[in-house]
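Dropping protein_20.cif in here (mmCIF, C-alpha atoms):
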data_structure
#
loop_
_atom_site.label_atom_id
_atom_site.label_comp_id
_atom_site.auth_asym_id
_atom_site.auth_seq_id
_atom_site.Cartn_x
_atom_site.Cartn_y
_atom_site.Cartn_z
CA MET A 1 10.15 3.44 -7.39
CA ILE A 2 11.91 2.58 -10.65
CA ALA A 3 10.61 5.76 -12.24
CA ASP A 4 11.82 7.85 -9.30
CA ILE A 5 15.38 6.49 -9.04
CA TYR A 6 16.82 9.46 -10.89
CA SER A 7 15.06 12.00 -8.68
CA ILE A 8 16.06 10.05 -5.54
CA GLY A 9 19.67 10.14 -6.76
CA VAL A 10 19.48 13.89 -7.35
CA TYR A 11 17.94 14.47 -3.92
CA ARG A 12 20.68 12.41 -2.27
CA CYS A 13 23.39 14.29 -4.21
CA LEU A 14 21.90 17.55 -2.98
CA ARG A 15 22.07 16.22 0.59
CA ALA A 16 18.33 15.86 1.11
CA PRO A 17 17.54 13.95 4.30
CA LYS A 18 16.59 10.31 3.92
CA ILE A 19 13.42 10.86 5.92
CA LYS A 20 12.19 13.37 3.32
CA ILE A 21 12.67 10.85 0.52
CA ILE A 22 10.93 8.15 2.54
CA GLY A 23 8.09 10.61 3.28
CA ASN A 24 7.66 11.38 -0.42
CA SER A 25 7.57 7.66 -1.21
CA LEU A 26 5.10 7.08 1.61
CA VAL A 27 2.71 9.71 0.24
CA ASP A 28 2.95 8.14 -3.22
CA LEU A 29 2.25 4.71 -1.74
CA LEU A 30 -0.75 5.94 0.24
CA VAL A 31 -2.28 7.54 -2.85
CA LEU A 32 -1.62 4.46 -4.97
CA CYS A 33 -3.00 2.16 -2.28
CA SER A 34 -6.12 4.30 -1.87
CA VAL A 35 -6.82 4.27 -5.59
CA THR A 36 -6.16 0.58 -6.24
CA SER A 37 -6.23 -1.67 -3.19
CA LEU A 38 -8.86 0.24 -1.25
CA LEU A 39 -11.21 0.27 -4.22
CA GLY A 40 -10.81 -3.50 -4.70
CA TYR A 41 -11.24 -4.15 -0.98
CA LEU A 42 -14.44 -2.12 -0.84
CA LEU A 43 -15.86 -3.89 -3.92
CA ILE A 44 -15.14 -7.29 -2.40
CA LEU A 45 -16.72 -6.22 0.89
CA PHE A 46 -19.80 -4.96 -0.94
CA GLY A 47 -20.10 -8.28 -2.79
CA TYR A 48 -19.70 -10.20 0.47
CA ASN A 49 -22.45 -8.17 2.14
CA ILE A 50 -24.84 -8.82 -0.72
CA SER A 51 -24.06 -12.55 -0.84
CA ALA A 52 -24.32 -12.85 2.96
CA LYS A 53 -27.75 -11.22 2.86
CA TYR A 54 -29.07 -13.65 0.24
CA ILE A 55 -27.51 -16.75 1.82
CA ASN A 56 -28.96 -15.82 5.20
CA GLN A 57 -32.42 -15.36 3.61
CA LEU A 58 -32.10 -18.64 1.72
CA PHE A 59 -31.39 -20.72 4.82
CA ASN A 60 -33.49 -18.59 7.24
CA GLU A 61 -30.62 -18.18 9.69
CA THR A 62 -27.51 -16.10 10.12
CA MET A 63 -24.79 -18.25 8.56
CA LEU A 64 -22.63 -15.35 7.40
CA ARG A 65 -22.11 -12.32 9.57
CA VAL A 66 -20.59 -8.97 8.77
CA ASN A 67 -18.19 -7.79 11.44
CA ASN A 68 -17.07 -4.14 11.36
CA SER A 69 -13.98 -4.73 13.48
CA LEU A 70 -12.73 -7.37 11.04
CA PHE A 71 -13.37 -4.94 8.20
CA LEU A 72 -11.20 -2.31 9.88
CA LEU A 73 -8.52 -4.86 10.74
CA GLY A 74 -8.44 -6.05 7.13
CA LEU A 75 -8.22 -2.48 5.88
CA LEU A 76 -5.35 -1.81 8.25
CA GLY A 77 -3.66 -4.99 7.03
CA VAL A 78 -4.00 -3.98 3.39
CA TYR A 79 -2.49 -0.56 4.01
CA GLY A 80 0.23 -1.98 6.27
CA LEU A 81 1.35 -4.60 3.76
CA ASN A 82 1.31 -2.14 0.89
CA ILE A 83 3.43 0.34 2.84
CA LEU A 84 5.84 -2.32 4.08
CA ILE A 85 6.36 -3.88 0.65
CA GLY A 86 6.45 -0.50 -1.09
CA LEU A 87 9.00 1.13 1.20
CA PHE A 88 11.35 -1.86 1.28
CA PRO A 89 13.06 -1.09 -2.08
CA VAL A 90 13.35 2.60 -1.21
CA CYS A 91 15.09 1.79 2.08
CA LEU A 92 17.46 -0.59 0.29
CA LEU A 93 18.28 2.10 -2.28
CA LEU A 94 18.91 4.70 0.41
CA ARG A 95 21.59 2.50 1.96
CA LYS A 96 23.80 3.32 -1.02
CA THR A 97 25.85 6.48 -1.21
CA PRO A 98 24.64 9.30 -3.47
CA SER A 99 27.50 8.70 -5.91
CA GLU A 100 26.62 5.00 -6.18
CA ILE A 101 23.01 5.83 -6.91
CA CYS A 102 23.89 8.41 -9.58
CA SER A 103 26.53 6.25 -11.29
CA LYS A 104 24.69 2.93 -11.22
CA TYR A 105 21.16 4.09 -11.95
CA ASP A 106 21.90 7.04 -14.27
CA ILE A 107 19.37 6.62 -17.06
#

Give the structure from this file in structure tokens form.
Amino acid sequence: MIADIYSIGVYRCLRAPKIKIIGNSLVDLLVLCSVTSLLGYLLILFGYNISAKYINQLFNETMLRVNNSLFLLGLLGVYGLNILIGLFPVCLLLRKTPSEICSKYDI
């Protein structure tokens, strides 16, 4: 968001609706989350599946289980937290008037 403060200030000075700015930030967050957090989450899940398979073979029983509903719930949690934490500074910035944004954050 720091890199976009100037453009947010310009949009607000041109009377762009706040929902449009939040929508643009949301799209940026979803792309960033998909590239970073989703990739890490899938790698960890892949590693867990492999280790669960070998541990279950080693002890001849199902000690570790893979649950698809927990996978989806975790994925939803990752996206939800990223969106919540990512949109919080944008919402705080949008509480200011356009002139405050342009004068304080003019870089």

#### Entry: Nearby residues (all atoms listed in the file) at most 10 Å from A:Leu38, same-chain spacing under 5 positions excluded, as a PyMOL selection string
chain A and resi 31-33+43-44+75+78-79

### Task
In Å, rounded to a single decimal, give me how far atom CA of A:Cys102 is from atom CA of A:Val10.
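Spanning atom CA of A:Val10 to atom CA of A:Cys102 is a straight-line distance of 7.4 Å.
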
### Query
What is the atom CA of A:Phe88-atom CA of A:Ala3 distance in Å, reported with one decimal?
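Distance reported for this atom pair: 15.5 Å.
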
Is it possible to get the axis-aligned box enclosing stretch 48-52 of chain A (all listed atoms, 6 Å extra per side) as JSON, with centre and edge lengths in Å rounded to one decimal?
{"center_x": -22.3, "center_y": -10.5, "center_z": 1.1, "size_x": 17.1, "size_y": 16.7, "size_z": 15.8}

### Task
May I have the residues within 12 Å of A:Leu84 as a VMD selection string, using only C-alpha atoms and disregarding those fewer than 4 positions away in the same chain?
chain A and resid 22 25 to 26 29 to 30 33 76 to 80 88 to 91

### Query
If the PyMOL selection byres ((chain A and resi 66-69) around 10) is run on the structure shown, which residues does it catch, given as a list of chain:residue names?
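When the PyMOL selection byres ((chain A and resi 66-69) around 10) is applied to the shown file, the picked residues are A:Leu45, A:Tyr48, A:Asn49, A:Ala52, A:Lys53, A:Leu64, A:Arg65, A:Leu70, A:Phe71, A:Leu72, A:Leu73, A:Gly74, A:Leu75.
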
Next, the residues of the selection above should be written as an mmCIF file, in the coordinates of the input with C-alpha atoms.
data_model
loop_
_atom_site.group_PDB
_atom_site.id
_atom_site.type_symbol
_atom_site.label_atom_id
_atom_site.label_comp_id
_atom_site.auth_asym_id
_atom_site.auth_seq_id
_atom_site.Cartn_x
_atom_site.Cartn_y
_atom_site.Cartn_z
ATOM 1 C CA LEU A 45 -16.720 -6.220 0.890
ATOM 2 C CA TYR A 48 -19.700 -10.200 0.470
ATOM 3 C CA ASN A 49 -22.450 -8.170 2.140
ATOM 4 C CA ALA A 52 -24.320 -12.850 2.960
ATOM 5 C CA LYS A 53 -27.750 -11.220 2.860
ATOM 6 C CA LEU A 64 -22.630 -15.350 7.400
ATOM 7 C CA ARG A 65 -22.110 -12.320 9.570
ATOM 8 C CA LEU A 70 -12.730 -7.370 11.040
ATOM 9 C CA PHE A 71 -13.370 -4.940 8.200
ATOM 10 C CA LEU A 72 -11.200 -2.310 9.880
ATOM 11 C CA LEU A 73 -8.520 -4.860 10.740
ATOM 12 C CA GLY A 74 -8.440 -6.050 7.130
ATOM 13 C CA LEU A 75 -8.220 -2.480 5.880
#

### Task
Find the spatial neighbours of A:Arg12, counting only C-alpha atoms, within a cut-off of 10 Å - ignore same-chain residues fewer than 5 positions away - and output them as a ChimeraX atom specification.
/A:6-7,17-18,21,94,96-99,101-102

### Query
Which residue, A:Glu61, A:Met1, A:Tyr41, A:Gly47, has the smallest gap to A:Asn24 when you use only C-alpha atoms?
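Using only C-alpha atoms, A:Asn24 sits closest to A:Met1.
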
### Query
So how far away is atom CA of A:Leu87 from atom CA of A:Ile19, in Å?
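Taking atom CA of A:Ile19 as the start and atom CA of A:Leu87 as the end point, the length is 11.7 Å.
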
Where atoms are absent from stretch 7-18 of chain A, fill them in so it carries N, CA and C atoms, then output it as a JSON list (two decimals), in the coordinates of the input.
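Okay, part20.json is ready:
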[["chain", "number", "residue", "atom", "x", "y", "z"],
["A", 7, "SER", "N", 15.33, 10.89, -9.60],
["A", 7, "SER", "CA", 15.06, 12.00, -8.68],
["A", 7, "SER", "C", 15.57, 11.69, -7.27],
["A", 8, "ILE", "N", 15.51, 10.42, -6.85],
["A", 8, "ILE", "CA", 16.06, 10.05, -5.54],
["A", 8, "ILE", "C", 17.57, 10.28, -5.55],
["A", 9, "GLY", "N", 18.24, 9.91, -6.65],
["A", 9, "GLY", "CA", 19.67, 10.14, -6.76],
["A", 9, "GLY", "C", 20.02, 11.62, -6.71],
["A", 10, "VAL", "N", 19.23, 12.44, -7.37],
["A", 10, "VAL", "CA", 19.48, 13.89, -7.35],
["A", 10, "VAL", "C", 19.26, 14.45, -5.95],
["A", 11, "TYR", "N", 18.18, 14.01, -5.29],
["A", 11, "TYR", "CA", 17.94, 14.47, -3.92],
["A", 11, "TYR", "C", 19.09, 14.09, -2.99],
["A", 12, "ARG", "N", 19.57, 12.86, -3.14],
["A", 12, "ARG", "CA", 20.68, 12.41, -2.27],
["A", 12, "ARG", "C", 21.96, 13.18, -2.58],
["A", 13, "CYS", "N", 22.21, 13.50, -3.86],
["A", 13, "CYS", "CA", 23.39, 14.29, -4.21],
["A", 13, "CYS", "C", 23.30, 15.71, -3.67],
["A", 14, "LEU", "N", 22.10, 16.22, -3.54],
["A", 14, "LEU", "CA", 21.90, 17.55, -2.98],
["A", 14, "LEU", "C", 21.76, 17.52, -1.46],
["A", 15, "ARG", "N", 22.07, 16.39, -0.86],
["A", 15, "ARG", "CA", 22.07, 16.22, 0.59],
["A", 15, "ARG", "C", 20.67, 16.35, 1.22],
["A", 16, "ALA", "N", 19.67, 15.89, 0.52],
["A", 16, "ALA", "CA", 18.33, 15.86, 1.11],
["A", 16, "ALA", "C", 18.29, 14.76, 2.17],
["A", 17, "PRO", "N", 17.60, 14.99, 3.26],
["A", 17, "PRO", "CA", 17.54, 13.95, 4.30],
["A", 17, "PRO", "C", 16.79, 12.71, 3.80],
["A", 18, "LYS", "N", 17.22, 11.57, 4.32],
["A", 18, "LYS", "CA", 16.59, 10.31, 3.92],
["A", 18, "LYS", "C", 15.12, 10.27, 4.32]]
